[in-house]
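So this block is target_33.json, JSON, C-alpha atoms and all ligand atoms:
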[["chain", "number", "residue", "atom", "x", "y", "z"],
["X", 1, "MET", "CA", 0.00, 0.00, 0.00],
["X", 2, "SER", "CA", 1.40, 3.41, -0.93],
["X", 3, "LYS", "CA", 2.12, 6.01, 1.75],
["X", 4, "VAL", "CA", -0.72, 8.14, 0.46],
["X", 5, "VAL", "CA", -3.22, 5.25, 0.56],
["X", 6, "LYS", "CA", -2.18, 4.46, 4.14],
["X", 7, "GLU", "CA", -2.62, 8.10, 5.15],
["X", 8, "VAL", "CA", -6.03, 8.31, 3.49],
["X", 9, "MET", "CA", -7.24, 5.09, 5.11],
["X", 10, "SER", "CA", -6.01, 6.26, 8.51],
["X", 11, "ALA", "CA", -7.75, 9.61, 8.11],
["X", 12, "ASN", "CA", -10.90, 7.82, 6.99],
["X", 13, "ALA", "CA", -10.89, 5.63, 10.09],
["X", 14, "ASP", "CA", -10.78, 8.79, 12.22],
["X", 15, "TYR", "CA", -13.61, 10.29, 10.17],
["X", 16, "VAL", "CA", -15.76, 7.19, 10.58],
["X", 17, "ALA", "CA", -15.19, 7.26, 14.34],
["X", 18, "GLY", "CA", -16.80, 10.69, 14.51],
["X", 19, "PHE", "CA", -19.37, 10.18, 11.75],
["X", 20, "GLY", "CA", -22.31, 10.55, 14.14],
["X", 21, "ASP", "CA", -25.72, 10.83, 12.52],
["X", 22, "LYS", "CA", -24.49, 11.94, 9.09],
["X", 23, "GLY", "CA", -25.69, 8.61, 7.69],
["X", 24, "ASP", "CA", -29.22, 9.99, 7.99],
["X", 25, "LEU", "CA", -28.61, 12.98, 5.71],
["X", 26, "PRO", "CA", -30.98, 13.22, 2.73],
["X", 27, "MET", "CA", -29.51, 13.26, -0.79],
["X", 28, "PRO", "CA", -30.78, 16.73, -1.87],
["X", 29, "PRO", "CA", -28.49, 19.52, -0.59],
["X", 30, "ALA", "CA", -30.15, 21.12, 2.44],
["X", 31, "ARG", "CA", -29.09, 24.68, 1.61],
["X", 32, "GLN", "CA", -30.15, 24.33, -2.03],
["X", 33, "PHE", "CA", -27.15, 25.81, -3.80],
["X", 34, "ALA", "CA", -24.23, 24.68, -5.92],
["X", 35, "ILE", "CA", -20.67, 25.92, -6.40],
["X", 36, "LEU", "CA", -18.61, 25.43, -9.55],
["X", 37, "THR", "CA", -14.97, 25.98, -8.70],
["X", 38, "CYS", "CA", -11.37, 25.02, -9.49],
["X", 39, "MET", "CA", -9.71, 21.80, -8.35],
["X", 40, "ASP", "CA", -6.72, 23.79, -7.05],
["X", 41, "ALA", "CA", -5.45, 22.14, -3.85],
["X", 42, "ARG", "CA", -5.37, 25.47, -2.01],
["X", 43, "LEU", "CA", -9.12, 25.92, -2.36],
["X", 44, "ASP", "CA", -11.38, 24.20, 0.17],
["X", 45, "PRO", "CA", -14.97, 25.18, -0.65],
["X", 46, "ALA", "CA", -16.27, 23.56, 2.54],
["X", 47, "LYS", "CA", -14.10, 25.98, 4.49],
["X", 48, "TYR", "CA", -14.19, 29.12, 2.34],
["X", 49, "ALA", "CA", -17.97, 28.90, 1.93],
["X", 50, "GLY", "CA", -18.86, 27.34, 5.29],
["X", 51, "LEU", "CA", -20.26, 24.02, 4.13],
["X", 52, "ALA", "CA", -21.04, 20.95, 6.17],
["X", 53, "GLU", "CA", -21.88, 17.52, 4.78],
["X", 54, "GLY", "CA", -25.28, 17.61, 3.10],
["X", 55, "ASP", "CA", -25.30, 21.39, 2.59],
["X", 56, "ALA", "CA", -24.50, 22.05, -1.08],
["X", 57, "HIS", "CA", -23.21, 20.63, -4.35],
["X", 58, "VAL", "CA", -19.57, 21.38, -5.19],
["X", 59, "ILE", "CA", -18.55, 20.76, -8.80],
["X", 60, "ARG", "CA", -14.83, 20.99, -9.43],
["X", 61, "ASN", "CA", -12.60, 20.83, -12.47],
["X", 62, "ALA", "CA", -9.42, 22.49, -13.71],
["X", 63, "GLY", "CA", -10.22, 26.21, -13.61],
["X", 64, "GLY", "CA", -13.80, 25.83, -12.39],
["X", 65, "ARG", "CA", -14.79, 26.19, -16.04],
["X", 66, "ALA", "CA", -18.33, 25.80, -17.41],
["X", 67, "SER", "CA", -17.43, 22.78, -19.50],
["X", 68, "ASP", "CA", -20.16, 20.58, -20.95],
["X", 69, "ASP", "CA", -19.63, 18.19, -18.05],
["X", 70, "ALA", "CA", -19.88, 20.96, -15.45],
["X", 71, "ILE", "CA", -23.17, 22.05, -17.02],
["X", 72, "ARG", "CA", -24.35, 18.42, -16.97],
["X", 73, "SER", "CA", -23.76, 18.37, -13.22],
["X", 74, "LEU", "CA", -25.46, 21.73, -12.65],
["X", 75, "VAL", "CA", -28.54, 20.63, -14.59],
["X", 76, "ILE", "CA", -28.77, 17.45, -12.49],
["X", 77, "SER", "CA", -28.20, 19.62, -9.40],
["X", 78, "TYR", "CA", -31.37, 21.65, -9.98],
["X", 79, "LYS", "CA", -33.52, 19.29, -12.03],
["X", 80, "LEU", "CA", -33.22, 16.26, -9.77],
["X", 81, "LEU", "CA", -31.88, 17.64, -6.51],
["X", 82, "GLY", "CA", -33.45, 21.05, -6.19],
["X", 83, "THR", "CA", -30.66, 23.62, -6.05],
["X", 84, "LYS", "CA", -31.89, 27.18, -6.61],
["X", 85, "GLU", "CA", -28.73, 29.36, -6.67],
["X", 86, "TRP", "CA", -25.32, 28.77, -8.23],
["X", 87, "PHE", "CA", -21.84, 30.23, -7.78],
["X", 88, "VAL", "CA", -19.01, 30.22, -10.34],
["X", 89, "ILE", "CA", -15.78, 30.73, -8.37],
["X", 90, "HIS", "CA", -12.42, 31.03, -10.13],
["X", 91, "HIS", "CA", -9.29, 32.15, -8.25],
["X", 92, "THR", "CA", -6.08, 34.16, -8.33],
["X", 93, "ASP", "CA", -2.83, 32.44, -9.31],
["X", 94, "CYS", "CA", -4.70, 29.69, -11.19],
["X", 95, "GLY", "CA", -2.62, 27.13, -13.07],
["X", 96, "MET", "CA", -4.97, 27.56, -16.00],
["X", 97, "GLU", "CA", -3.39, 30.99, -16.59],
["X", 98, "THR", "CA", 0.03, 29.45, -17.18],
["X", 99, "PHE", "CA", -0.50, 27.75, -20.55],
["X", 100, "THR", "CA", -2.43, 27.83, -23.82],
["X", 101, "ASN", "CA", -4.04, 25.01, -25.78],
["X", 102, "GLU", "CA", -1.02, 25.07, -28.08],
["X", 103, "VAL", "CA", 1.45, 24.75, -25.20],
["X", 104, "MET", "CA", -0.47, 21.84, -23.62],
["X", 105, "GLY", "CA", -0.60, 20.04, -26.97],
["X", 106, "GLU", "CA", 3.15, 20.45, -27.42],
["X", 107, "LEU", "CA", 3.96, 19.29, -23.86],
["X", 108, "LEU", "CA", 1.94, 16.11, -24.35],
["X", 109, "SER", "CA", 3.63, 15.54, -27.69],
["X", 110, "GLY", "CA", 7.01, 15.55, -25.93],
["X", 111, "SER", "CA", 6.23, 12.84, -23.35],
["X", 112, "LEU", "CA", 3.69, 11.75, -20.76],
["X", 113, "LYS", "CA", 6.03, 12.71, -17.90],
["X", 114, "THR", "CA", 5.18, 15.64, -15.63],
["X", 115, "SER", "CA", 6.46, 18.85, -17.22],
["X", 116, "SER", "CA", 8.44, 21.51, -15.38],
["X", 117, "VAL", "CA", 7.87, 25.25, -15.25],
["X", 118, "ASP", "CA", 10.15, 28.26, -14.78],
["X", 119, "SER", "CA", 10.08, 31.94, -15.60],
["X", 120, "ALA", "CA", 10.39, 31.11, -19.30],
["X", 121, "GLY", "CA", 7.30, 28.87, -19.21],
["X", 122, "TRP", "CA", 6.60, 25.16, -19.37],
["X", 123, "HIS", "CA", 9.21, 22.60, -20.50],
["X", 124, "ASP", "CA", 8.79, 18.94, -21.31],
["X", 125, "SER", "CA", 11.47, 16.30, -20.81],
["X", 126, "HIS", "CA", 10.96, 15.07, -24.39],
["X", 127, "SER", "CA", 11.75, 11.62, -23.09],
["X", 128, "GLY", "CA", 9.52, 9.98, -25.65],
["X", 129, "GLY", "CA", 6.16, 8.25, -25.53],
["X", 130, "GLY", "CA", 4.17, 11.43, -26.15],
["X", 131, "THR", "CA", 0.97, 11.79, -28.13],
["X", 132, "SER", "CA", -0.56, 14.33, -30.50],
["X", 133, "ASP", "CA", -4.02, 13.66, -29.02],
["X", 134, "GLY", "CA", -3.72, 16.68, -26.70],
["X", 135, "LYS", "CA", -3.76, 18.97, -29.72],
["X", 136, "TYR", "CA", -7.40, 18.13, -30.39],
["X", 137, "ILE", "CA", -8.70, 19.12, -26.96],
["X", 138, "ASN", "CA", -9.83, 22.54, -25.73],
["X", 139, "TRP", "CA", -8.18, 22.64, -22.31],
["X", 140, "LEU", "CA", -10.14, 25.81, -21.40],
["X", 141, "PRO", "CA", -7.11, 27.81, -20.27],
["X", 142, "ILE", "CA", -7.66, 31.24, -18.70],
["X", 143, "SER", "CA", -6.04, 34.54, -19.67],
["X", 144, "CYS", "CA", -8.06, 36.82, -17.35],
["X", 145, "GLN", "CA", -10.02, 35.66, -14.31],
["X", 146, "GLU", "CA", -12.70, 38.38, -14.49],
["X", 147, "GLN", "CA", -13.24, 37.47, -18.13],
["X", 148, "SER", "CA", -13.37, 33.71, -17.53],
["X", 149, "VAL", "CA", -15.88, 34.06, -14.68],
["X", 150, "LEU", "CA", -18.05, 36.29, -16.87],
["X", 151, "GLU", "CA", -17.80, 33.92, -19.84],
["X", 152, "ASP", "CA", -18.69, 30.90, -17.75],
["X", 153, "VAL", "CA", -21.66, 32.57, -16.03],
["X", 154, "LYS", "CA", -22.95, 33.65, -19.44],
["X", 155, "ARG", "CA", -22.41, 30.19, -20.93],
["X", 156, "ILE", "CA", -24.35, 28.51, -18.11],
["X", 157, "LYS", "CA", -27.09, 31.16, -18.12],
["X", 158, "SER", "CA", -27.66, 30.84, -21.88],
["X", 159, "ASN", "CA", -27.94, 27.04, -21.84],
["X", 160, "SER", "CA", -31.44, 25.95, -22.90],
["X", 161, "MET", "CA", -31.67, 23.50, -19.97],
["X", 162, "VAL", "CA", -30.97, 26.19, -17.35],
["X", 163, "PRO", "CA", -34.10, 27.94, -16.03],
["X", 164, "ARG", "CA", -34.08, 31.73, -15.94],
["X", 165, "ASP", "CA", -35.01, 31.90, -12.26],
["X", 166, "ILE", "CA", -31.70, 30.44, -11.04],
["X", 167, "PRO", "CA", -29.34, 33.31, -10.15],
["X", 168, "ILE", "CA", -25.67, 32.66, -10.93],
["X", 169, "TYR", "CA", -23.10, 34.63, -8.93],
["X", 170, "GLY", "CA", -19.54, 35.21, -10.17],
["X", 171, "TYR", "CA", -16.61, 35.38, -7.73],
["X", 172, "ILE", "CA", -12.82, 35.19, -7.63],
["X", 173, "TYR", "CA", -11.20, 33.56, -4.59],
["X", 174, "ASP", "CA", -8.04, 35.35, -3.49],
["X", 175, "CYS", "CA", -5.42, 32.70, -2.68],
["X", 176, "LYS", "CA", -3.42, 35.22, -0.62],
["X", 177, "SER", "CA", -6.22, 36.20, 1.76],
["X", 178, "GLY", "CA", -9.01, 33.62, 1.39],
["X", 179, "ASN", "CA", -11.35, 36.44, 0.38],
["X", 180, "LEU", "CA", -14.15, 35.90, -2.15],
["X", 181, "VAL", "CA", -14.29, 38.94, -4.45],
["X", 182, "GLU", "CA", -17.43, 39.39, -6.52],
["X", 183, "VAL", "CA", -17.15, 39.88, -10.29],
["X", 184, "LEU", "CA", -20.03, 42.34, -10.53],
["X", 185, "GLU", "CA", -20.41, 42.08, -14.28],
["X", 186, "ALA", "CA", -20.70, 38.28, -14.03],
["X", 187, "THR", "CA", -23.29, 38.36, -11.23],
["X", 188, "GLU", "CA", -25.22, 40.94, -13.27],
["X", 189, "ALA", "CA", -25.11, 38.63, -16.29],
["X", 190, "GLY", "CA", -26.28, 35.76, -14.10],
["X", 191, "LYS", "CA", -29.18, 37.54, -12.40],
["X", 192, "VAL", "CA", -32.74, 36.22, -12.56],
["X", 193, "SER", "CA", -34.28, 37.36, -15.83],
["X", 201, "ZN", "ZN", -7.16, 26.94, -10.55]]

Once more with this new file: its structure as structure tokens, please.
Ligand code: ZN
Amino acid sequence: MSKVVKEVMSANADYVAGFGDKGDLPMPPARQFAILTCMDARLDPAKYAGLAEGDAHVIRNAGGRASDDAIRSLVISYKLLGTKEWFVIHHTDCGMETFTNEVMGELLSGSLKTSSVDSAGWHDSHSGGGTSDGKYINWLPISCQEQSVLEDVKRIKSNSMVPRDIPIYGYIYDCKSGNLVEVLEATEAGKVS
């Protein structure tokens, strides 16, 4: 068993010991909202948004982008599980700002090893075994957080499966302070219409 697996199993045993009555929680989120946010390890939505088990849906991917799959989850979130308000939360210092689709395609062409980064950008080891498949994917990189939050709120809001009475709020999480800063233009674009 790897060190990480041992650590996770040990932590889980502690969690189970204090699980209490959480086994009785209903499936629909009690506070009836959902958050779409980045997978960045520094972000803990349960902490930055004050969530307990059973409170809300948290949908995470690289960048917190409104990908087709994120929208799939949001539609299930309201249609089957009753959420009524949604947040799109991107963040400062996001890894998605450090590359373009072209760069990612080139890195994967070089090898499948983890690439390195310095002030000149990303570098691959070119150790062989790469693939051109990455050149056919939109990795949804970000060049400006305010812009990406606005784009994603608009993309979700304009989806034919999303009802007009669900407000969508746009925010940027500040990794230096933990503060959630509203992107007013995005929240305006996501208001009930
Ligand atoms: Zn990120």

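When CA of Pro45 (chain X) is paired with CA of Ser148 (chain X), their separation reads 19.0 Å.
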
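Residues of protein, DNA or RNA having any atom at most 9 Å from ligand ZN 201 (chain X), counting all atoms listed in the file, are Thr37, Cys38, Met39, Asp40, Ala41, Arg42, Leu43, Asn61, Ala62, Gly63, Gly64, His90, His91, Thr92, Asp93, Cys94, Gly95, Met96 and Glu97 of chain X.
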
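Taking only C-alpha atoms into account, Lys84 (chain X) lies nearest to X:Ala34 out of the set X:Val117, X:Ala34, X:Val149, X:Val5.
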
### Message
From the options X:Ala30, X:Leu74, X:Phe19, X:Arg65, which residue's atoms come nearest to Gly170 (chain X), counting all atoms listed in the file?
### Response
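Nearest to Gly170 (chain X): X:Arg65.
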
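CA of Asn159 (chain X) is positioned 14.2 Å from CA of Lys191 (chain X).
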
#### Entry: Å distance separating CA of Ser125 (chain X) from CA of Leu107 (chain X), one decimal place
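CA of Leu107 (chain X) lies at a distance of 8.6 Å from CA of Ser125 (chain X).
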
### Task
Determine, counting only C-alpha atoms, every residue of protein, DNA or RNA that lies within 12 Å of (-33.7, 22.7, -6.1) in the file coordinates, then give the result as a list in words.
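The residues that fall inside the cut-off are Met27, Pro28, Pro29, Ala30, Arg31, Gln32, Phe33, Ala34, Ala56, His57, Leu74, Val75, Ile76, Ser77, Tyr78, Lys79, Leu80, Leu81, Gly82, Thr83, Lys84, Glu85, Trp86, Pro163, Asp165 and Ile166 of chain X.
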
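Comparing X:Ser193, X:Ser177, X:Thr100, X:Gln145 by their smallest distance to Trp122 (chain X), the closest is X:Thr100 (using only C-alpha atoms).
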
### Query
Hey, what's within 9 Å of Val181 (chain X) if we count only C-alpha atoms and toss same-chain stuff fewer than 5 positions away? As a VMD selection string, please?
chain X and resid 170 to 174

### Query
Of the candidates X:Leu180, X:Val16, X:Met104, X:Leu25, which shows the shortest atom-to-atom distance to Asn138 (chain X), using all atoms listed in the file?
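Closest residue, counting all atoms listed in the file: X:Met104.
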